[in-house]
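Student: Below: one structure in structure tokens.
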Amino acid sequence: MTTPTSSSGRAWCVGADIDTDALAPGAYMKFGIDEIARHCLHRVRPEFAADVRPGDVLVAGPNFGIGSSREQAAAALVHLGVRAVIAPSFNGLYFRNAFNVGLLLLTCADAQRIAEGSTLTLAPRDGYVELADGSRLTCETVPGFLLDMVDAGGLLNLLKQRSVASPSTSHGVSSC
């Protein structure tokens with residue numbers, strides 16, 4: 001599987017310590033992902049959910065995804081079409097949830113150098129983000145197995161693809 005490296009979407013910049021309640025507000029957790037996503041980042045960027053476009057990239061400060069381990073915090077961004085989140089650091093539970101639902105995360109110490117509205121080229125296998133002026137910001141390389149999850153649209157989709165591609169065998173067990 002190959003992960004597309006370029007993104008023509010614009011960068012949306014938010015600050016540090018964006019918690020899961022900002023991404024998937026608790027008041028809407030009893031509803032489906034459509035409603036949760038409509039309120040994603042409302043307290044930080046009220047226009048975000050209505051104006052974000054597929055392929056856009058969210059750029060944040062350190063500690064992105066802190067708070068509870070609600071999977072909907074990552075799923076809301078996927079539902080809105082966000083291509084990736086770039087930040088200096090991520091909460092560990094958020095990191096795992098994001099890849100499990102197919103959201104690309106790029107850990108980039110200099111993420112805050114990315115300007116609002118910038119068009120970026122993402123190179124997760126090579127460990128960089130290229131800015132419109134051609135300069136590059138170094139990011140941690142994303143392992144292939146995580147990129148496979150992003151390509152597939154999440155862990156469950158990847159497992160389904162793999163099970164179709166290589167049906168299980170009986171491994172010597174006879175059936176009656």
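Naming scheme: A, B, ... for chains in displayed order of the structure tokens; residues 1 onward per chain; ligands 1 onward as shown.
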Give me the residues near segment 24-28 of chain A as a VMD selection string, where near means some atom within 10 Å (using only C-alpha atoms) and where sequence neighbours in that chain fewer than 2 positions away do not count.
Tutor: chain A and resid 19 to 22 30 to 33 35 to 43 70 to 77
Student: If you count only C-alpha atoms, which residues fall within 10 Å of Thr141 of chain A, apart from same-chain ones fewer than 6 positions away, as a PDB file with all heavy atoms, in the first residue's frame?
Tutor:
ATOM      1  N   LEU A 106       1.539  13.482  12.231  1.00  0.00           N
ATOM      2  CA  LEU A 106       2.953  13.743  11.993  1.00  0.00           C
ATOM      3  C   LEU A 106       3.515  14.500  13.185  1.00  0.00           C
ATOM      4  O   LEU A 106       3.052  15.604  13.504  1.00  0.00           O
ATOM      5  CB  LEU A 106       3.144  14.549  10.715  1.00  0.00           C
ATOM      6  CG  LEU A 106       2.727  13.845   9.425  1.00  0.00           C
ATOM      7  CD1 LEU A 106       2.808  14.792   8.239  1.00  0.00           C
ATOM      8  CD2 LEU A 106       3.590  12.617   9.184  1.00  0.00           C
ATOM      9  N   THR A 107       4.503  13.910  13.829  1.00  0.00           N
ATOM     10  CA  THR A 107       5.150  14.538  14.971  1.00  0.00           C
ATOM     11  C   THR A 107       6.292  15.393  14.443  1.00  0.00           C
ATOM     12  O   THR A 107       7.268  14.878  13.890  1.00  0.00           O
ATOM     13  CB  THR A 107       5.677  13.469  15.954  1.00  0.00           C
ATOM     14  OG1 THR A 107       4.586  12.614  16.317  1.00  0.00           O
ATOM     15  CG2 THR A 107       6.253  14.107  17.197  1.00  0.00           C
ATOM     16  N   CYS A 108       6.143  16.693  14.602  1.00  0.00           N
ATOM     17  CA  CYS A 108       7.074  17.657  14.009  1.00  0.00           C
ATOM     18  C   CYS A 108       7.390  18.735  15.049  1.00  0.00           C
ATOM     19  O   CYS A 108       6.504  19.517  15.409  1.00  0.00           O
ATOM     20  CB  CYS A 108       6.432  18.258  12.771  1.00  0.00           C
ATOM     21  SG  CYS A 108       7.432  19.470  11.916  1.00  0.00           S
ATOM     22  N   ALA A 123       5.327  14.183   3.581  1.00  0.00           N
ATOM     23  CA  ALA A 123       6.147  13.020   3.216  1.00  0.00           C
ATOM     24  C   ALA A 123       6.348  12.172   4.474  1.00  0.00           C
ATOM     25  O   ALA A 123       7.422  12.176   5.073  1.00  0.00           O
ATOM     26  CB  ALA A 123       7.471  13.465   2.613  1.00  0.00           C
ATOM     27  N   PRO A 124       5.294  11.460   4.898  1.00  0.00           N
ATOM     28  CA  PRO A 124       5.378  10.722   6.157  1.00  0.00           C
ATOM     29  C   PRO A 124       6.413   9.596   6.147  1.00  0.00           C
ATOM     30  O   PRO A 124       7.039   9.322   7.167  1.00  0.00           O
ATOM     31  CB  PRO A 124       3.968  10.163   6.340  1.00  0.00           C
ATOM     32  CG  PRO A 124       3.339  10.199   4.991  1.00  0.00           C
ATOM     33  CD  PRO A 124       3.991  11.320   4.254  1.00  0.00           C
ATOM     34  N   ARG A 125       6.633   8.958   5.000  1.00  0.00           N
ATOM     35  CA  ARG A 125       7.639   7.885   4.917  1.00  0.00           C
ATOM     36  C   ARG A 125       9.055   8.440   4.999  1.00  0.00           C
ATOM     37  O   ARG A 125       9.968   7.766   5.461  1.00  0.00           O
ATOM     38  CB  ARG A 125       7.483   7.096   3.625  1.00  0.00           C
ATOM     39  CG  ARG A 125       6.262   6.217   3.584  1.00  0.00           C
ATOM     40  CD  ARG A 125       6.256   5.295   2.374  1.00  0.00           C
ATOM     41  NE  ARG A 125       4.959   4.695   2.179  1.00  0.00           N
ATOM     42  CZ  ARG A 125       4.528   3.629   2.827  1.00  0.00           C
ATOM     43  NH1 ARG A 125       5.289   3.049   3.717  1.00  0.00           N
ATOM     44  NH2 ARG A 125       3.318   3.151   2.597  1.00  0.00           N
ATOM     45  N   ASP A 126       9.222   9.661   4.514  1.00  0.00           N
ATOM     46  CA  ASP A 126      10.548  10.267   4.482  1.00  0.00           C
ATOM     47  C   ASP A 126      10.809  11.205   5.659  1.00  0.00           C
ATOM     48  O   ASP A 126      11.931  11.689   5.820  1.00  0.00           O
ATOM     49  CB  ASP A 126      10.748  11.022   3.163  1.00  0.00           C
ATOM     50  CG  ASP A 126      10.648  10.092   1.965  1.00  0.00           C
ATOM     51  OD1 ASP A 126      11.146   8.952   2.057  1.00  0.00           O
ATOM     52  OD2 ASP A 126      10.061  10.502   0.941  1.00  0.00           O
ATOM     53  N   GLY A 127       9.794  11.500   6.430  1.00  0.00           N
ATOM     54  CA  GLY A 127       9.976  12.288   7.640  1.00  0.00           C
ATOM     55  C   GLY A 127      10.110  13.786   7.448  1.00  0.00           C
ATOM     56  O   GLY A 127      10.914  14.438   8.099  1.00  0.00           O
ATOM     57  N   TYR A 128       9.263  14.353   6.584  1.00  0.00           N
ATOM     58  CA  TYR A 128       9.269  15.811   6.481  1.00  0.00           C
ATOM     59  C   TYR A 128       7.931  16.335   5.973  1.00  0.00           C
ATOM     60  O   TYR A 128       7.118  15.608   5.424  1.00  0.00           O
ATOM     61  CB  TYR A 128      10.408  16.318   5.593  1.00  0.00           C
ATOM     62  CG  TYR A 128      10.291  15.987   4.122  1.00  0.00           C
ATOM     63  CD1 TYR A 128       9.556  16.803   3.252  1.00  0.00           C
ATOM     64  CD2 TYR A 128      10.933  14.875   3.592  1.00  0.00           C
ATOM     65  CE1 TYR A 128       9.452  16.505   1.907  1.00  0.00           C
ATOM     66  CE2 TYR A 128      10.833  14.576   2.238  1.00  0.00           C
ATOM     67  CZ  TYR A 128      10.105  15.388   1.409  1.00  0.00           C
ATOM     68  OH  TYR A 128       9.995  15.097   0.076  1.00  0.00           O
TER      69      TYR A 128
END
Student: Name the residues of segment 58-144 of chain A that come out as strand (DSSP E) in a backbone DSSP run; write them as a PyMOL selection string.
Tutor: chain A and resi 58-59+84-87+104-107+119-123+128-130+136-138
Student: Which residue is closest to Arg10 of chain A? Choose from A:Glu140, A:Asp133, A:Glu116, A:Asp151 and count only C-alpha atoms.
Tutor: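 Residue with the minimum atom-to-atom distance to Arg10 of chain A: A:Glu116.
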Student: Excluding Asn97 of chain A and residues on its chain fewer than 2 positions from it, collect all residues at most 8 Å away from it, counting only C-alpha atoms, and give them as a ChimeraX atom specification.
Tutor: /A:69,71,74,93-95,99-101
Student: Write the residues you've just listed into a file as a PDB file, in the first residue's frame, and include N, CA and C atoms for each of them.
Tutor:
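And here's again13.pdb as it stands now:
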ATOM      1  N   SER A  69      -9.936   9.163  26.517  1.00  0.00           N
ATOM      2  CA  SER A  69      -9.513   8.334  25.379  1.00  0.00           C
ATOM      3  C   SER A  69     -10.618   8.122  24.358  1.00  0.00           C
ATOM      4  N   GLU A  71     -12.450   7.726  21.170  1.00  0.00           N
ATOM      5  CA  GLU A  71     -12.076   7.502  19.778  1.00  0.00           C
ATOM      6  C   GLU A  71     -12.720   8.535  18.854  1.00  0.00           C
ATOM      7  N   ALA A  74     -10.714  11.554  17.302  1.00  0.00           N
ATOM      8  CA  ALA A  74      -9.995  11.369  16.036  1.00  0.00           C
ATOM      9  C   ALA A  74     -10.981  11.132  14.895  1.00  0.00           C
ATOM     10  N   LEU A  93      -2.763   7.903  23.973  1.00  0.00           N
ATOM     11  CA  LEU A  93      -4.039   7.269  23.625  1.00  0.00           C
ATOM     12  C   LEU A  93      -4.624   7.875  22.350  1.00  0.00           C
ATOM     13  N   TYR A  94      -4.512   9.178  22.217  1.00  0.00           N
ATOM     14  CA  TYR A  94      -5.010   9.823  21.001  1.00  0.00           C
ATOM     15  C   TYR A  94      -4.235   9.318  19.782  1.00  0.00           C
ATOM     16  N   PHE A  95      -2.927   9.199  19.935  1.00  0.00           N
ATOM     17  CA  PHE A  95      -2.078   8.731  18.852  1.00  0.00           C
ATOM     18  C   PHE A  95      -2.567   7.377  18.337  1.00  0.00           C
ATOM     19  N   PHE A  99      -4.600   6.582  14.458  1.00  0.00           N
ATOM     20  CA  PHE A  99      -4.207   5.628  13.423  1.00  0.00           C
ATOM     21  C   PHE A  99      -5.241   4.515  13.286  1.00  0.00           C
ATOM     22  N   ASN A 100      -5.857   4.121  14.401  1.00  0.00           N
ATOM     23  CA  ASN A 100      -6.883   3.070  14.340  1.00  0.00           C
ATOM     24  C   ASN A 100      -8.079   3.476  13.485  1.00  0.00           C
ATOM     25  N   VAL A 101      -8.375   4.780  13.407  1.00  0.00           N
ATOM     26  CA  VAL A 101      -9.492   5.238  12.573  1.00  0.00           C
ATOM     27  C   VAL A 101      -9.017   5.826  11.241  1.00  0.00           C
TER      28      VAL A 101
END
Student: What is the atom CA of Gly55 of chain A to atom CA of Ser68 of chain A distance in Å?
Tutor: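 The value is 26.2 Å.
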Student: Within 12 Å of Arg45 of chain A, counting only C-alpha atoms, which residues show up once you throw out same-chain ones fewer than 6 positions away? Write them as a PyMOL selection string, please.
Tutor: chain A and resi 12-15+18+22-23+38-39+51-52+58
Student: Point out the residue among A:Leu156, A:Pro62, A:Gly144, A:Val150 with the least atom-to-atom distance to Asp17 of chain A, counting only C-alpha atoms.
Tutor: A:Pro62
